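Just below is one structure, and these are the notes that go with it.
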Amino acid sequence: FIRKYELPSIVEQLRQYPLTEKLLICQNNATRLMDLTHLEILNTSNPIYPWELEVFAELSLFADAPTARCSFGNSDEAFINIINKIRNYQHPFLQKQKNIDFANAFMMVSGLQQFKVQENILDRLYRYNYFWNFVNDKINMPKIFSEHFNGLAYSEFRDLGILVFFYASLKYPTAQIIRALISKYKTAVDFLRITREEYKQKQSEKIDDNFENVIFGFNYLRPYPFVECKEVLFLPLPYLIIDAVTESLLTRVTMDNNSLREKIGKEVAQTYIEEIFKEGNIYNEVVPECEYWIGKNKIDSPDISLRKGNQVCFIDTKLSTPKLEIRKFNSKAIDDTISKYAKNIIQMYNRIKDFNNASFYPFEDKLSIAKEDVFGVVALLED
């Protein structure tokens, strides 16, 4: 494995190349992975993975090149050499782990990288389009969105994301097309752009000025995929436009506002999942949350109760996401996240016990349900 001090050496190597070349070769390789609805790892002997490109882009933005004297030219050899160094680098924390501890730690952080890549972008666009157009007597999501983004509707961001991803997936996102989209959706783009200096400052804070945290760490190119450098706007990783116009917007609106996030989870996410189950026409009954009593205690049932024949499944929806500090192998963040999800599971277990004890029965059809046919799920908004 590459030793830890060699990540800064990659930055030194990148300083030999002009910024424009680095970001364009990153963009070209990113578009090779893009299909119309998803990212597709190329079936080659030495495929390049999205998370490797994200580290390459991040290090490139950190690597000032005042006297750049090299060029990637028409060969991918130098680029592949850098990508291989990124791939072979192992975080010092992982180097210290053995056997099952290594497997647990690696699965935890690599999952945060890889699950999103496996998702169909149409699912994500549908989900957030539903969220930001949801209105009931308790919450008005279009109004909340408009107030946060200076009067813009979510459709501006949604359409920008769809068009950028579509044209990039055709493998020829020419400068003219990108410029036309930036011009047409300029106001939305302004919310998704960041200067190189701002990026370096924010990213340095996020990785604690420690390059060891680059490999698995959060990347500000997700909420801000457009990077401005000397009045030129770059889009080094076009596929990240989907992150920027979906979960990143929700994070920005609910930042430091847990009560709003909880309200969105209660009113919007819960209804969203309920409607999906109803539209699927798979279950005999789909029942929303209800109240029941045990003695003098009023208790809320799970968010959704499903019945198919003599089998039952309860679902609780949670808008929470794993702490970003997990990406740095922060033991407190790991323990806090495990504890939070454990409490969610215990709560579900207790509701199942109440059902098995006949303390509540949400369904219309009165059936005898065996304990082994009762299931519980805690559904998270993101992986």
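Ligands are numbered from 1 in the order shown, residues from 1 within each chain, and chains are lettered A, B, ... in the order they appear in the structure tokens.
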Surrounding residues of segment 255-265 of chain A excluding itself and chain neighbours under 4 positions, 10 Å, only C-alpha atoms, as a PyMOL selection string
chain A and resi 131+134+138-141+144+249-251+269-272+317-320+380-381
Go through segment 31-252 of chain A and collect every residue that DSSP, computed from the backbone, puts in strand (DSSP E or B); the answer should be as a list in words.
Met34, Leu39, Tyr89, Val135, Asn140, Arg193, Ile194, Thr195, Phe226, Val227, Glu228, Cys229, Val232, Leu233 and Phe234 of chain A
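Here atom CA of Asp137 of chain A stands at a distance of 28.3 Å from atom CA of Leu122 of chain A.
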Can you tell me, as a list in words, what residues are no more than 12 Å from Pro288 of chain A when counting only C-alpha atoms, ignoring any on the same chain fewer than 3 positions away?
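Near Pro288 of chain A, the qualifying residues are Lys266, Glu267, Gln270, Thr271, Tyr272, Ile273, Glu274, Glu275, Phe277, Lys278, Glu285, Glu291, Asp300, Ser301, Pro302, Asp303, Ile304, Ser305, Leu306, Arg307, Phe314, Ile315, Asp316, Thr317, Pro362 and Phe363 of chain A.
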Would you mind listing what lies within 12 Å of Ala105 of chain A as a PDB file with C-alpha atoms, in the first residue's frame, with only C-alpha atoms counted and same-chain residues fewer than 2 positions away left out?
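The resulting out.pdb:
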ATOM      1  CA  HIS A  91      -6.017   5.318   5.251  1.00  0.00           C
ATOM      2  CA  PRO A  92      -3.711   4.955   8.323  1.00  0.00           C
ATOM      3  CA  PHE A  93      -6.715   3.967  10.443  1.00  0.00           C
ATOM      4  CA  LEU A  94      -7.395   0.991   8.167  1.00  0.00           C
ATOM      5  CA  GLN A  95      -3.733  -0.019   8.225  1.00  0.00           C
ATOM      6  CA  LYS A  96      -4.019  -0.538  11.990  1.00  0.00           C
ATOM      7  CA  GLN A  97      -7.128  -2.738  11.763  1.00  0.00           C
ATOM      8  CA  LYS A  98      -7.008  -6.516  11.504  1.00  0.00           C
ATOM      9  CA  ASN A  99      -9.427  -9.163  10.263  1.00  0.00           C
ATOM     10  CA  ILE A 100     -13.058  -8.379  11.183  1.00  0.00           C
ATOM     11  CA  ASP A 101     -12.219  -4.884  12.483  1.00  0.00           C
ATOM     12  CA  PHE A 102     -10.741  -3.986   9.102  1.00  0.00           C
ATOM     13  CA  ALA A 103     -13.744  -5.430   7.272  1.00  0.00           C
ATOM     14  CA  MET A 107     -17.479  -1.598   4.694  1.00  0.00           C
ATOM     15  CA  MET A 108     -18.736   1.380   6.698  1.00  0.00           C
ATOM     16  CA  VAL A 109     -16.846   4.106   4.814  1.00  0.00           C
ATOM     17  CA  SER A 110     -16.786   2.446   1.403  1.00  0.00           C
ATOM     18  CA  GLY A 111     -20.562   2.060   1.619  1.00  0.00           C
ATOM     19  CA  LEU A 112     -20.900   5.819   2.055  1.00  0.00           C
ATOM     20  CA  PHE A 216     -13.381   8.931   2.270  1.00  0.00           C
ATOM     21  CA  ILE A 326     -17.804   8.794  10.347  1.00  0.00           C
ATOM     22  CA  ARG A 327     -15.807   9.375   7.161  1.00  0.00           C
ATOM     23  CA  LYS A 328     -12.854  10.333   9.381  1.00  0.00           C
ATOM     24  CA  PHE A 329     -13.244   7.197  11.524  1.00  0.00           C
ATOM     25  CA  ASN A 330     -14.247   9.380  14.468  1.00  0.00           C
ATOM     26  CA  SER A 331     -15.109   6.883  17.204  1.00  0.00           C
ATOM     27  CA  ILE A 334     -19.551   6.085  14.939  1.00  0.00           C
TER      28      ILE A 334
END
Extract the full set of helix (DSSP H, G or I) residues from segment 68-315 of chain A according to DSSP on the backbone, and format it as a count of residues only.
139
Contacts of Val189 of chain A at 10 Å (only C-alpha atoms; same-chain gap of 6+ positions) as a list in words:
Glu156, Phe157, Leu160, Gly161, Leu181, Ile182, Ser183, Tyr224, Pro225 and Phe226 of chain A
Can you spit out the residues from that selection as a CSV table (one decimal), in the first residue's frame, using all heavy atoms?
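Final output, saved to again.csv:
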chain,number,residue,atom,x,y,z
A,156,GLU,N,-36.6,24.8,-11.6
A,156,GLU,CA,-35.4,25.4,-12.2
A,156,GLU,C,-34.2,24.5,-12.0
A,156,GLU,O,-33.4,24.2,-12.9
A,156,GLU,CB,-35.1,26.8,-11.7
A,156,GLU,CG,-36.1,27.8,-12.2
A,156,GLU,CD,-35.8,28.2,-13.6
A,156,GLU,OE1,-34.7,28.7,-13.9
A,156,GLU,OE2,-36.7,28.0,-14.4
A,157,PHE,N,-34.0,24.0,-10.7
A,157,PHE,CA,-32.9,23.2,-10.4
A,157,PHE,C,-33.0,21.8,-11.0
A,157,PHE,O,-32.1,21.2,-11.5
A,157,PHE,CB,-32.7,23.1,-8.9
A,157,PHE,CG,-32.4,24.4,-8.2
A,157,PHE,CD1,-33.3,25.3,-7.8
A,157,PHE,CD2,-31.0,24.7,-7.9
A,157,PHE,CE1,-33.0,26.5,-7.2
A,157,PHE,CE2,-30.7,25.8,-7.3
A,157,PHE,CZ,-31.6,26.8,-7.0
A,160,LEU,N,-32.3,21.8,-14.7
A,160,LEU,CA,-30.9,22.0,-15.0
A,160,LEU,C,-30.2,20.7,-14.8
A,160,LEU,O,-29.4,20.3,-15.6
A,160,LEU,CB,-30.4,23.1,-14.0
A,160,LEU,CG,-28.8,23.2,-13.9
A,160,LEU,CD1,-28.3,23.7,-15.3
A,160,LEU,CD2,-28.4,24.1,-12.8
A,161,GLY,N,-30.5,20.0,-13.7
A,161,GLY,CA,-29.9,18.7,-13.4
A,161,GLY,C,-30.1,17.7,-14.4
A,161,GLY,O,-29.2,17.0,-14.9
A,181,LEU,N,-26.6,26.0,-21.2
A,181,LEU,CA,-27.4,25.6,-20.0
A,181,LEU,C,-27.1,26.5,-18.9
A,181,LEU,O,-28.0,26.9,-18.1
A,181,LEU,CB,-27.0,24.2,-19.6
A,181,LEU,CG,-27.5,23.1,-20.6
A,181,LEU,CD1,-27.0,21.7,-20.1
A,181,LEU,CD2,-29.0,23.1,-20.7
A,182,ILE,N,-25.8,27.0,-18.7
A,182,ILE,CA,-25.5,27.9,-17.7
A,182,ILE,C,-26.2,29.2,-17.9
A,182,ILE,O,-26.7,29.9,-16.9
A,182,ILE,CB,-23.9,28.1,-17.6
A,182,ILE,CG1,-23.3,26.8,-17.1
A,182,ILE,CG2,-23.6,29.3,-16.7
A,182,ILE,CD1,-21.8,26.8,-17.2
A,183,SER,N,-26.3,29.6,-19.1
A,183,SER,CA,-26.9,30.9,-19.5
A,183,SER,C,-28.4,30.8,-19.2
A,183,SER,O,-29.0,31.7,-18.6
A,183,SER,CB,-26.7,31.3,-20.9
A,183,SER,OG,-27.4,32.4,-21.3
A,224,TYR,N,-21.8,21.9,-4.6
A,224,TYR,CA,-21.4,22.9,-5.5
A,224,TYR,C,-20.6,22.3,-6.7
A,224,TYR,O,-19.3,22.4,-6.7
A,224,TYR,CB,-20.6,24.0,-4.8
A,224,TYR,CG,-21.3,24.6,-3.6
A,224,TYR,CD1,-21.0,24.2,-2.3
A,224,TYR,CD2,-22.3,25.5,-3.8
A,224,TYR,CE1,-21.6,24.7,-1.2
A,224,TYR,CE2,-22.9,26.1,-2.7
A,224,TYR,CZ,-22.6,25.7,-1.4
A,224,TYR,OH,-23.2,26.3,-0.3
A,225,PRO,N,-21.2,21.7,-7.7
A,225,PRO,CA,-20.5,21.1,-8.7
A,225,PRO,C,-19.8,22.0,-9.7
A,225,PRO,O,-18.9,21.6,-10.4
A,225,PRO,CB,-21.5,20.2,-9.5
A,225,PRO,CG,-22.8,21.0,-9.2
A,225,PRO,CD,-22.7,21.6,-7.8
A,226,PHE,N,-20.2,23.3,-9.8
A,226,PHE,CA,-19.6,24.3,-10.7
A,226,PHE,C,-18.5,25.0,-9.9
A,226,PHE,O,-18.8,25.6,-8.8
A,226,PHE,CB,-20.7,25.3,-11.2
A,226,PHE,CG,-21.7,24.7,-12.1
A,226,PHE,CD1,-22.9,24.3,-11.6
A,226,PHE,CD2,-21.5,24.5,-13.4
A,226,PHE,CE1,-23.9,23.8,-12.4
A,226,PHE,CE2,-22.4,24.0,-14.3
A,226,PHE,CZ,-23.7,23.6,-13.7
To one decimal in Å, tell me the separation between atom CA of Ile242 of chain A and atom CA of Ala168 of chain A.
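Atom-to-atom, atom CA of Ile242 of chain A and atom CA of Ala168 of chain A are spaced 12.0 Å apart.
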Pick out the residues sitting within 8 Å of segment 52-69 of chain A, and hand them over as a list in words; count only C-alpha atoms, and ignore anything fewer than 6 positions along from it in its own chain.
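The residues satisfying every condition are Ile10, Val11, Glu12, Leu14, Arg15, Gln16, Tyr17, Pro18, Leu19, Lys22, Leu23, Cys26, Asn29, Ala30, Ile82, Ile83, Ile86, Arg87, Arg196, Lys200, Val214, Ile215, Asn219, Pro236 and Leu237 of chain A.
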